[in-house]
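Heads up, work.pdb below (PDB, C-alpha atoms and all ligand atoms):
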ATOM      1  CA  MET A   1      74.848 121.313  99.773
ATOM      2  CA  THR A   2      75.941 123.468  96.811
ATOM      3  CA  ARG A   3      76.976 121.823  93.563
ATOM      4  CA  ASP A   4      76.682 124.765  91.164
ATOM      5  CA  ARG A   5      79.167 127.387  92.175
ATOM      6  CA  HIS A   6      79.846 130.746  90.668
ATOM      7  CA  PRO A   7      83.013 130.976  88.478
ATOM      8  CA  GLY A   8      85.886 131.985  90.743
ATOM      9  CA  ALA A   9      84.403 130.172  93.757
ATOM     10  CA  GLU A  10      86.968 127.371  93.439
ATOM     11  CA  ARG A  11      89.660 129.821  94.601
ATOM     12  CA  LEU A  12      87.741 131.527  97.390
ATOM     13  CA  ALA A  13      87.816 130.509 101.056
ATOM     14  CA  VAL A  14      85.503 132.472 103.318
ATOM     15  CA  ALA A  15      86.691 132.835 106.918
ATOM     16  CA  LEU A  16      83.756 131.968 109.194
ATOM     17  CA  ASP A  17      84.962 134.433 111.813
ATOM     18  CA  VAL A  18      81.710 134.478 113.785
ATOM     19  CA  PRO A  19      80.971 133.627 117.423
ATOM     20  CA  ASP A  20      78.848 130.482 117.191
ATOM     21  CA  ARG A  21      77.395 127.594 115.187
ATOM     22  CA  GLU A  22      74.152 129.416 114.311
ATOM     23  CA  ALA A  23      75.969 132.422 112.879
ATOM     24  CA  ALA A  24      78.359 130.086 111.032
ATOM     25  CA  ALA A  25      75.461 128.116 109.489
ATOM     26  CA  ALA A  26      73.729 131.307 108.353
ATOM     27  CA  LEU A  27      76.923 132.661 106.806
ATOM     28  CA  ALA A  28      77.813 129.306 105.205
ATOM     29  CA  ARG A  29      74.374 129.130 103.554
ATOM     30  CA  THR A  30      74.723 132.704 102.297
ATOM     31  CA  VAL A  31      78.170 132.299 100.749
ATOM     32  CA  ALA A  32      77.851 128.656  99.616
ATOM     33  CA  PRO A  33      77.538 129.512  95.881
ATOM     34  CA  TYR A  34      80.679 131.654  96.038
ATOM     35  CA  ALA A  35      83.184 129.683  98.121
ATOM     36  CA  ALA A  36      84.542 126.174  97.625
ATOM     37  CA  VAL A  37      86.263 126.357 101.015
ATOM     38  CA  LEU A  38      85.010 127.522 104.412
ATOM     39  CA  LYS A  39      87.591 128.375 107.050
ATOM     40  CA  ILE A  40      87.058 127.619 110.731
ATOM     41  CA  GLY A  41      89.277 129.808 112.867
ATOM     42  CA  LEU A  42      90.110 129.956 116.543
ATOM     43  CA  GLU A  43      87.000 131.902 117.589
ATOM     44  CA  LEU A  44      84.516 129.420 116.140
ATOM     45  CA  PHE A  45      86.522 126.310 117.039
ATOM     46  CA  VAL A  46      86.993 127.360 120.663
ATOM     47  CA  ALA A  47      83.294 128.238 120.946
ATOM     48  CA  GLU A  48      81.870 125.125 119.323
ATOM     49  CA  GLY A  49      84.503 122.388 119.422
ATOM     50  CA  PRO A  50      85.358 119.725 116.828
ATOM     51  CA  GLY A  51      81.714 119.091 115.825
ATOM     52  CA  ILE A  52      81.768 122.351 113.894
ATOM     53  CA  VAL A  53      83.900 120.692 111.190
ATOM     54  CA  ALA A  54      81.087 118.282 110.218
ATOM     55  CA  ASP A  55      78.563 121.146 110.343
ATOM     56  CA  VAL A  56      80.641 123.129 107.874
ATOM     57  CA  ALA A  57      81.255 120.131 105.611
ATOM     58  CA  ALA A  58      77.473 119.605 105.427
ATOM     59  CA  HIS A  59      77.263 122.839 103.420
ATOM     60  CA  GLY A  60      79.233 121.151 100.644
ATOM     61  CA  ALA A  61      82.400 123.215 101.052
ATOM     62  CA  ALA A  62      85.818 121.873 101.996
ATOM     63  CA  PRO A  63      86.511 122.556 105.694
ATOM     64  CA  PHE A  64      89.724 124.484 106.407
ATOM     65  CA  LEU A  65      90.794 124.283 110.051
ATOM     66  CA  ASP A  66      92.960 127.290 110.837
ATOM     67  CA  LEU A  67      94.425 126.516 114.265
ATOM     68  CA  LYS A  68      97.982 127.628 113.408
ATOM     69  CA  LEU A  69      99.458 124.811 115.488
ATOM     70  CA  HIS A  70     102.746 125.728 117.160
ATOM     71  CA  ASP A  71     103.980 123.444 119.949
ATOM     72  CA  ILE A  72     106.429 120.629 120.583
ATOM     73  CA  PRO A  73     106.478 117.979 117.830
ATOM     74  CA  ARG A  74     104.615 115.297 119.780
ATOM     75  CA  THR A  75     101.765 117.642 120.705
ATOM     76  CA  VAL A  76     101.389 118.944 117.164
ATOM     77  CA  ALA A  77     101.494 115.409 115.739
ATOM     78  CA  ALA A  78      98.708 114.325 118.110
ATOM     79  CA  ALA A  79      96.557 117.367 117.302
ATOM     80  CA  THR A  80      97.163 116.817 113.571
ATOM     81  CA  ARG A  81      96.032 113.200 113.865
ATOM     82  CA  ARG A  82      92.816 114.366 115.571
ATOM     83  CA  ALA A  83      92.191 117.048 112.958
ATOM     84  CA  ALA A  84      92.731 114.551 110.131
ATOM     85  CA  ALA A  85      90.165 112.229 111.707
ATOM     86  CA  LEU A  86      87.626 115.082 111.654
ATOM     87  CA  GLY A  87      87.873 115.187 107.865
ATOM     88  CA  VAL A  88      89.406 118.629 107.463
ATOM     89  CA  ARG A  89      90.729 119.430 103.976
ATOM     90  CA  TYR A  90      93.313 122.030 105.041
ATOM     91  CA  LEU A  91      95.085 122.399 108.391
ATOM     92  CA  THR A  92      97.448 125.219 109.334
ATOM     93  CA  LEU A  93     100.560 125.115 111.470
ATOM     94  CA  HIS A  94     103.158 127.799 112.174
ATOM     95  CA  ALA A  95     106.365 127.513 110.173
ATOM     96  CA  LEU A  96     108.110 129.097 113.177
ATOM     97  CA  GLY A  97     107.467 125.802 115.010
ATOM     98  CA  GLY A  98     110.444 124.532 113.009
ATOM     99  CA  PRO A  99     111.277 121.519 110.856
ATOM    100  CA  ALA A 100     110.965 118.839 113.553
ATOM    101  CA  MET A 101     107.441 119.990 114.378
ATOM    102  CA  ILE A 102     106.399 120.091 110.710
ATOM    103  CA  ARG A 103     107.938 116.668 110.043
ATOM    104  CA  ALA A 104     106.002 115.247 113.000
ATOM    105  CA  ALA A 105     102.740 116.617 111.569
ATOM    106  CA  ARG A 106     103.637 115.185 108.124
ATOM    107  CA  GLU A 107     104.275 111.753 109.625
ATOM    108  CA  ALA A 108     100.985 111.919 111.541
ATOM    109  CA  VAL A 109      99.050 112.600 108.331
ATOM    110  CA  ASP A 110     100.928 109.962 106.332
ATOM    111  CA  ALA A 111     100.427 107.324 109.015
ATOM    112  CA  GLY A 112      96.685 107.920 108.825
ATOM    113  CA  GLY A 113      96.363 106.310 105.372
ATOM    114  CA  ALA A 114      94.323 107.636 102.473
ATOM    115  CA  VAL A 115      91.256 108.648 104.474
ATOM    116  CA  GLY A 116      91.276 112.048 106.178
ATOM    117  CA  ARG A 117      94.465 113.503 104.724
ATOM    118  CA  PRO A 118      94.448 117.254 105.230
ATOM    119  CA  GLU A 119      96.807 119.446 103.245
ATOM    120  CA  LEU A 120      99.290 120.844 105.749
ATOM    121  CA  LEU A 121      99.722 124.590 105.266
ATOM    122  CA  ALA A 122     102.599 126.366 106.972
ATOM    123  CA  VAL A 123     101.881 129.934 108.053
ATOM    124  CA  THR A 124     105.040 131.923 107.363
ATOM    125  CA  VAL A 125     104.646 135.510 108.598
ATOM    126  CA  LEU A 126     101.220 136.703 109.750
ATOM    127  CA  THR A 127      99.617 139.156 107.330
ATOM    128  CA  SER A 128      98.985 141.467 110.298
ATOM    129  CA  HIS A 129     102.758 141.803 110.800
ATOM    130  CA  GLY A 130     104.612 144.683 109.220
ATOM    131  CA  ARG A 131     108.357 145.266 109.237
ATOM    132  CA  GLU A 132     108.276 146.903 112.676
ATOM    133  CA  ASP A 133     106.342 143.979 114.244
ATOM    134  CA  LEU A 134     108.931 141.555 112.892
ATOM    135  CA  GLU A 135     111.725 143.704 114.265
ATOM    136  CA  ALA A 136     110.033 143.659 117.684
ATOM    137  CA  ILE A 137     110.157 139.855 117.742
ATOM    138  CA  GLY A 138     113.787 139.728 116.648
ATOM    139  CA  LEU A 139     113.310 139.279 112.891
ATOM    140  CA  PRO A 140     114.652 142.471 111.345
ATOM    141  CA  GLY A 141     114.641 142.937 107.580
ATOM    142  CA  ARG A 142     112.136 142.579 104.778
ATOM    143  CA  PRO A 143     109.062 140.426 105.484
ATOM    144  CA  ALA A 144     109.461 138.825 102.030
ATOM    145  CA  ASP A 145     112.906 137.450 102.953
ATOM    146  CA  HIS A 146     111.529 135.802 106.100
ATOM    147  CA  VAL A 147     108.532 134.436 104.192
ATOM    148  CA  LEU A 148     110.748 132.828 101.546
ATOM    149  CA  ARG A 149     113.163 131.348 104.083
ATOM    150  CA  LEU A 150     110.338 129.923 106.205
ATOM    151  CA  ALA A 151     108.475 128.636 103.136
ATOM    152  CA  ARG A 152     111.524 126.705 101.860
ATOM    153  CA  MET A 153     112.141 125.231 105.290
ATOM    154  CA  ALA A 154     108.475 124.238 105.759
ATOM    155  CA  LEU A 155     108.194 122.589 102.322
ATOM    156  CA  ASP A 156     111.478 120.720 102.877
ATOM    157  CA  ALA A 157     110.078 119.465 106.184
ATOM    158  CA  GLY A 158     106.937 118.122 104.495
ATOM    159  CA  ALA A 159     104.323 120.896 104.373
ATOM    160  CA  ASP A 160     102.031 120.745 101.326
ATOM    161  CA  GLY A 161     101.632 124.476 101.065
ATOM    162  CA  ILE A 162     102.280 127.907 102.433
ATOM    163  CA  VAL A 163     100.213 130.739 103.880
ATOM    164  CA  CYS A 164     101.532 134.209 103.111
ATOM    165  CA  SER A 165     100.438 137.670 102.062
ATOM    166  CA  PRO A 166      99.580 138.202  98.392
ATOM    167  CA  LEU A 167     102.483 140.679  98.438
ATOM    168  CA  GLU A 168     104.989 137.830  98.784
ATOM    169  CA  CYS A 169     103.106 135.313  96.690
ATOM    170  CA  CYS A 170     104.788 136.305  93.434
ATOM    171  CA  VAL A 171     108.291 135.889  94.898
ATOM    172  CA  LEU A 172     107.325 132.476  96.289
ATOM    173  CA  ARG A 173     105.847 131.295  92.979
ATOM    174  CA  GLU A 174     109.006 132.317  91.133
ATOM    175  CA  ALA A 175     111.236 130.608  93.673
ATOM    176  CA  LEU A 176     109.148 127.495  94.331
ATOM    177  CA  GLY A 177     107.361 126.866  91.032
ATOM    178  CA  ASP A 178     103.773 125.759  90.457
ATOM    179  CA  GLY A 179     103.864 122.796  92.836
ATOM    180  CA  PRO A 180     103.039 124.106  96.298
ATOM    181  CA  THR A 181      99.613 125.367  97.292
ATOM    182  CA  ILE A 182      99.901 129.041  98.219
ATOM    183  CA  VAL A 183      97.088 130.394 100.367
ATOM    184  CA  THR A 184      96.722 134.141 100.800
ATOM    185  CA  PRO A 185      94.781 135.955 103.509
ATOM    186  CA  GLY A 186      95.276 139.729 103.617
ATOM    187  CA  VAL A 187      92.886 140.223 100.691
ATOM    188  CA  ARG A 188      91.014 143.503 100.440
ATOM    189  CA  PRO A 189      88.831 144.709  97.571
ATOM    190  CA  LEU A 190      89.883 148.124  96.282
ATOM    191  CA  GLY A 191      89.172 150.754  98.949
ATOM    192  CA  GLY A 192      88.299 148.100 101.588
ATOM    193  CA  GLU A 193      89.083 148.587 105.299
ATOM    194  CA  ARG A 194      92.421 147.005 106.246
ATOM    195  CA  GLY A 195      91.443 146.441 109.902
ATOM    196  CA  ASP A 196      94.411 144.870 111.707
ATOM    197  CA  GLN A 197      95.912 143.532 108.471
ATOM    198  CA  ARG A 198      99.118 145.174 107.186
ATOM    199  CA  ARG A 199     100.343 143.319 104.092
ATOM    200  CA  VAL A 200      97.259 143.386 101.861
ATOM    201  CA  ALA A 201      96.332 143.294  98.152
ATOM    202  CA  THR A 202      93.184 143.100  96.040
ATOM    203  CA  PRO A 203      91.681 139.801  94.848
ATOM    204  CA  ALA A 204      92.900 140.487  91.286
ATOM    205  CA  GLU A 205      96.427 141.170  92.552
ATOM    206  CA  ALA A 206      96.407 137.968  94.625
ATOM    207  CA  VAL A 207      95.389 135.911  91.589
ATOM    208  CA  ALA A 208      97.970 137.620  89.383
ATOM    209  CA  ALA A 209     100.634 136.844  91.999
ATOM    210  CA  GLY A 210      99.837 133.133  91.742
ATOM    211  CA  SER A 211      97.667 132.518  94.791
ATOM    212  CA  SER A 212      95.972 129.100  94.805
ATOM    213  CA  LEU A 213      93.328 130.067  97.360
ATOM    214  CA  LEU A 214      92.264 133.500  98.608
ATOM    215  CA  VAL A 215      91.070 133.704 102.242
ATOM    216  CA  VAL A 216      88.594 136.498 102.866
ATOM    217  CA  GLY A 217      86.935 137.325 106.155
ATOM    218  CA  ARG A 218      85.697 140.792 107.085
ATOM    219  CA  PRO A 219      85.213 142.154 103.554
ATOM    220  CA  ILE A 220      82.463 139.498 103.286
ATOM    221  CA  VAL A 221      81.487 138.716 106.897
ATOM    222  CA  ALA A 222      81.082 142.363 107.920
ATOM    223  CA  ALA A 223      79.570 143.555 104.634
ATOM    224  CA  PRO A 224      75.997 144.859 104.683
ATOM    225  CA  ASP A 225      75.223 142.200 102.041
ATOM    226  CA  PRO A 226      77.678 139.290 102.435
ATOM    227  CA  ALA A 227      76.331 137.423  99.390
ATOM    228  CA  ALA A 228      76.851 140.453  97.155
ATOM    229  CA  ALA A 229      80.350 140.996  98.585
ATOM    230  CA  ALA A 230      81.287 137.337  98.012
ATOM    231  CA  ARG A 231      79.857 137.428  94.482
ATOM    232  CA  ALA A 232      81.866 140.551  93.631
ATOM    233  CA  ILE A 233      85.096 138.930  94.854
ATOM    234  CA  CYS A 234      84.302 135.756  92.900
ATOM    235  CA  GLU A 235      83.747 137.806  89.780
ATOM    236  CA  GLU A 236      87.041 139.617  90.294
ATOM    237  CA  ILE A 237      88.828 136.263  90.702
ATOM    238  CA  ALA A 238      87.156 134.801  87.615
ATOM    239  CA  ALA A 239      88.014 137.858  85.519
ATOM    240  CA  SER A 240      91.687 137.898  86.551
TER     241      SER A 240
HETATM  242  O1  LIG A 301      88.933 139.483 108.044
HETATM  243  P1  LIG A 301      90.154 139.101 107.247
HETATM  244  O2  LIG A 301      89.904 139.003 105.759
HETATM  245  O3  LIG A 301      91.362 139.925 107.595
HETATM  246  O4  LIG A 301      90.428 137.602 107.752
HETATM  247  C1  LIG A 301      91.567 136.875 107.407
HETATM  248  C2  LIG A 301      91.470 135.504 108.001
HETATM  249  O5  LIG A 301      92.650 134.796 107.683
HETATM  250  C3  LIG A 301      91.348 135.485 109.518
HETATM  251  O6  LIG A 301      90.511 134.382 109.846
HETATM  252  C4  LIG A 301      92.750 135.240 110.005
HETATM  253  O7  LIG A 301      92.775 134.528 111.215
HETATM  254  C5  LIG A 301      93.336 134.400 108.872
HETATM  255  N1  LIG A 301      94.783 134.497 108.666
HETATM  256  C6  LIG A 301      95.452 135.687 108.466
HETATM  257  N2  LIG A 301      96.803 135.709 108.297
HETATM  258  C7  LIG A 301      97.507 134.576 108.285
HETATM  259  C8  LIG A 301      96.844 133.364 108.445
HETATM  260  C9  LIG A 301      95.465 133.357 108.624
HETATM  261  O8  LIG A 301      94.801 136.732 108.419
HETATM  262  N3  LIG A 301      98.796 134.608 108.074
END
Output the structure of this file as structure tokens.
Ligand code: C5P
Amino acid sequence: MTRDRHPGAERLAVALDVPDREAAAALARTVAPYAAVLKIGLELFVAEGPGIVADVAAHGAAPFLDLKLHDIPRTVAAATRRAAALGVRYLTLHALGGPAMIRAAREAVDAGGAVGRPELLAVTVLTSHGREDLEAIGLPGRPADHVLRLARMALDAGADGIVCSPLECCVLREALGDGPTIVTPGVRPLGGERGDQRRVATPAEAVAAGSSLLVVGRPIVAAPDPAAAARAICEEIAAS
């Protein structure tokens, strides 16, 4: 368990995008001084099941369960209830699931009482989607317009926060104020590989845009020295 974290760590979530529990434990130990939040994504959750949440919490970081729930309201409410019982701190769902689905998740969390209340984060437009991807799924126009529309809808329906690219974060902060948590994946240190991500920015740019929490995967996970990569990002956050 890590109590003394590096300055900047409070705004860094490391994506544990690794195949199994052993790799996750090794990575969690390595980045523990630099990340207040550890994100469990589909790969790790499907491989290891719900027990992985307690494993991650044992490293002293807040567990972030990134399942991007998107289904009928009853199914999402039931899954949300289960996730809350696991003790996750953040849970994602897709804004495209619509207001009834988000309201059902909200009610599931609220009905659970004070214990095990995850923050519900609505994913607006995936950071891997560019303008042409959105057009292909019938959403022509600027990604930022879709992000803002979906963010307003999701917050009205009861989401606690929003997931978007750092590129739209500034527009959301201006429109929505300081209240909502804004979580930004799509973070790349200067000169870093984009991989499949499209709408990216540096850690300093994400902070300047008003991001509450920066999610970083490959720039740390695939680095030759993940601790050094995490430390450098922390330092950039702290200096911004
Ligand atoms: O490796 P990279 O830094 O691109 O990882 C980003 C992480 O954030 C991945 O785990 C990905 O699933 C997640 N994510 C994302 N875009 C969203 C929501 C979550 O990239 N809109």
Quiz item: Which one is closest to ligand LIG 301 (chain A): A:Leu44, A:Ala157, A:Ala136, A:Leu120? Count only C-alpha atoms and all ligand atoms.
Solution: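 Under the stated criterion, the closest residue is A:Leu44.
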Practice problem: Might you spell out which residues the PyMOL selection byres (((chain A and resi 223-237) around 10) and not hetatm) would select in the displayed file, as a ChimeraX atom specification? | Solution: /A:5-14,27,29-35,187-189,202-208,214,216-222,238-240
Could you build a table of the residues in chain A lying no more than 9 Å from ligand LIG 301 (chain A), giving for each the nearest pair of atoms and their separation in Å rounded to one decimal place, using only C-alpha atoms and all ligand atoms, ordered by chain and ascending residue number, as JSON lines?
{"residue": "A:Val14", "atom": "CA", "partner": "A:LIG301", "partner_atom": "C2", "distance": 8.2}
{"residue": "A:Ala15", "atom": "CA", "partner": "A:LIG301", "partner_atom": "O6", "distance": 5.1}
{"residue": "A:Leu16", "atom": "CA", "partner": "A:LIG301", "partner_atom": "O6", "distance": 7.2}
{"residue": "A:Asp17", "atom": "CA", "partner": "A:LIG301", "partner_atom": "O6", "distance": 5.9}
{"residue": "A:Lys39", "atom": "CA", "partner": "A:LIG301", "partner_atom": "O6", "distance": 7.2}
{"residue": "A:Ile40", "atom": "CA", "partner": "A:LIG301", "partner_atom": "O6", "distance": 7.6}
{"residue": "A:Gly41", "atom": "CA", "partner": "A:LIG301", "partner_atom": "O6", "distance": 5.6}
{"residue": "A:Leu42", "atom": "CA", "partner": "A:LIG301", "partner_atom": "O7", "distance": 7.5}
{"residue": "A:Glu43", "atom": "CA", "partner": "A:LIG301", "partner_atom": "O6", "distance": 8.9}
{"residue": "A:Asp66", "atom": "CA", "partner": "A:LIG301", "partner_atom": "C9", "distance": 6.9}
{"residue": "A:Leu67", "atom": "CA", "partner": "A:LIG301", "partner_atom": "O7", "distance": 8.7}
{"residue": "A:Lys68", "atom": "CA", "partner": "A:LIG301", "partner_atom": "C8", "distance": 7.7}
{"residue": "A:Thr92", "atom": "CA", "partner": "A:LIG301", "partner_atom": "C8", "distance": 8.2}
{"residue": "A:Val123", "atom": "CA", "partner": "A:LIG301", "partner_atom": "N3", "distance": 5.6}
{"residue": "A:Thr124", "atom": "CA", "partner": "A:LIG301", "partner_atom": "N3", "distance": 6.8}
{"residue": "A:Val125", "atom": "CA", "partner": "A:LIG301", "partner_atom": "N3", "distance": 5.9}
{"residue": "A:Leu126", "atom": "CA", "partner": "A:LIG301", "partner_atom": "N3", "distance": 3.6}
{"residue": "A:Thr127", "atom": "CA", "partner": "A:LIG301", "partner_atom": "N2", "distance": 4.6}
{"residue": "A:Ser128", "atom": "CA", "partner": "A:LIG301", "partner_atom": "N2", "distance": 6.5}
{"residue": "A:His129", "atom": "CA", "partner": "A:LIG301", "partner_atom": "N3", "distance": 8.7}
{"residue": "A:Val163", "atom": "CA", "partner": "A:LIG301", "partner_atom": "N3", "distance": 5.9}
{"residue": "A:Cys164", "atom": "CA", "partner": "A:LIG301", "partner_atom": "N3", "distance": 5.7}
{"residue": "A:Ser165", "atom": "CA", "partner": "A:LIG301", "partner_atom": "N3", "distance": 6.9}
{"residue": "A:Val183", "atom": "CA", "partner": "A:LIG301", "partner_atom": "C8", "distance": 8.6}
{"residue": "A:Thr184", "atom": "CA", "partner": "A:LIG301", "partner_atom": "C7", "distance": 7.5}
{"residue": "A:Pro185", "atom": "CA", "partner": "A:LIG301", "partner_atom": "O5", "distance": 4.8}
{"residue": "A:Gly186", "atom": "CA", "partner": "A:LIG301", "partner_atom": "O3", "distance": 5.6}
{"residue": "A:Val187", "atom": "CA", "partner": "A:LIG301", "partner_atom": "O2", "distance": 6.0}
{"residue": "A:Arg188", "atom": "CA", "partner": "A:LIG301", "partner_atom": "O2", "distance": 7.1}
{"residue": "A:Arg194", "atom": "CA", "partner": "A:LIG301", "partner_atom": "O3", "distance": 7.3}
{"residue": "A:Gly195", "atom": "CA", "partner": "A:LIG301", "partner_atom": "O3", "distance": 6.9}
{"residue": "A:Asp196", "atom": "CA", "partner": "A:LIG301", "partner_atom": "O3", "distance": 7.1}
{"residue": "A:Gln197", "atom": "CA", "partner": "A:LIG301", "partner_atom": "O3", "distance": 5.9}
{"residue": "A:Val200", "atom": "CA", "partner": "A:LIG301", "partner_atom": "O3", "distance": 8.9}
{"residue": "A:Val215", "atom": "CA", "partner": "A:LIG301", "partner_atom": "O5", "distance": 5.8}
{"residue": "A:Val216", "atom": "CA", "partner": "A:LIG301", "partner_atom": "O2", "distance": 4.0}
{"residue": "A:Gly217", "atom": "CA", "partner": "A:LIG301", "partner_atom": "O2", "distance": 3.4}
{"residue": "A:Arg218", "atom": "CA", "partner": "A:LIG301", "partner_atom": "O1", "distance": 3.6}
{"residue": "A:Pro219", "atom": "CA", "partner": "A:LIG301", "partner_atom": "O2", "distance": 6.1}
{"residue": "A:Ile220", "atom": "CA", "partner": "A:LIG301", "partner_atom": "O2", "distance": 7.9}
{"residue": "A:Val221", "atom": "CA", "partner": "A:LIG301", "partner_atom": "O1", "distance": 7.6}
{"residue": "A:Ala222", "atom": "CA", "partner": "A:LIG301", "partner_atom": "O1", "distance": 8.4}
Quiz item: Which value, in Å to one decimal, gives the distance between atom CA of Tyr90 of chain A and atom CA of Leu121 of chain A?
Solution: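 Between atom CA of Tyr90 of chain A and atom CA of Leu121 of chain A the gap works out to 6.9 Å.
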Quiz prompt | Shell around Val109 of chain A at 12 Å using only C-alpha atoms, local window under 2 positions removed, as a ChimeraX atom specification | solution = /A:76-85,87-91,102-107,111-120,158-160
Quiz prompt | atom CA of Leu150 of chain A to atom CA of Cys170 of chain A, straight-line distance in Å | solution = 15.3 Å
Exercise. Show me as a count of residues only the residues that reach within 9 Å of (102.1, 127.0, 97.5), counting only C-alpha atoms and using the file's own coordinates.
Key: 21
Exercise. For atom CA of Phe45 of chain A and atom CA of Gly192 of chain A, quote the distance in Å rounded to one decimal.
Key: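 Rounded to one decimal, the two atoms are 26.8 Å apart.
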Spatial neighbours of segment 54-59 of chain A, 8 Å, only C-alpha atoms, chain gap at least 5 places, as a compact mmCIF listing (two decimals) with C-alpha atoms, keeping the file's coordinate frame:
# COMPACT_ATOMS: atom_id res chain seq x y z
CA MET A 1 74.85 121.31 99.77
CA THR A 2 75.94 123.47 96.81
CA ALA A 24 78.36 130.09 111.03
CA ALA A 25 75.46 128.12 109.49
CA ALA A 28 77.81 129.31 105.20
CA ARG A 29 74.37 129.13 103.55
CA ALA A 32 77.85 128.66 99.62
CA LEU A 38 85.01 127.52 104.41
CA LEU A 86 87.63 115.08 111.65
CA GLY A 87 87.87 115.19 107.86
Quiz item: Using all atoms listed in the file, which residues sit within 8 Å of Gly98 of chain A once same-chain residues fewer than 3 positions away are excluded, as a ChimeraX atom specification?
Solution: /A:95,101-102,153-154
Find the smallest box with edges along x, y and z containing every listed atom of segment 167-180 of chain A, then add 8 Å on each side and report centre and edge lengths in Å to one decimal, as lines of an AutoDock Vina configuration file.
center_x = 106.9
center_y = 131.7
center_z = 94.6
size_x = 24.8
size_y = 33.9
size_z = 24.3
Quiz item: Using only C-alpha atoms, which of A:Val147, A:Ala36, A:Val53, A:Val18 sits nearest Val171 of chain A?
Solution: A:Val147
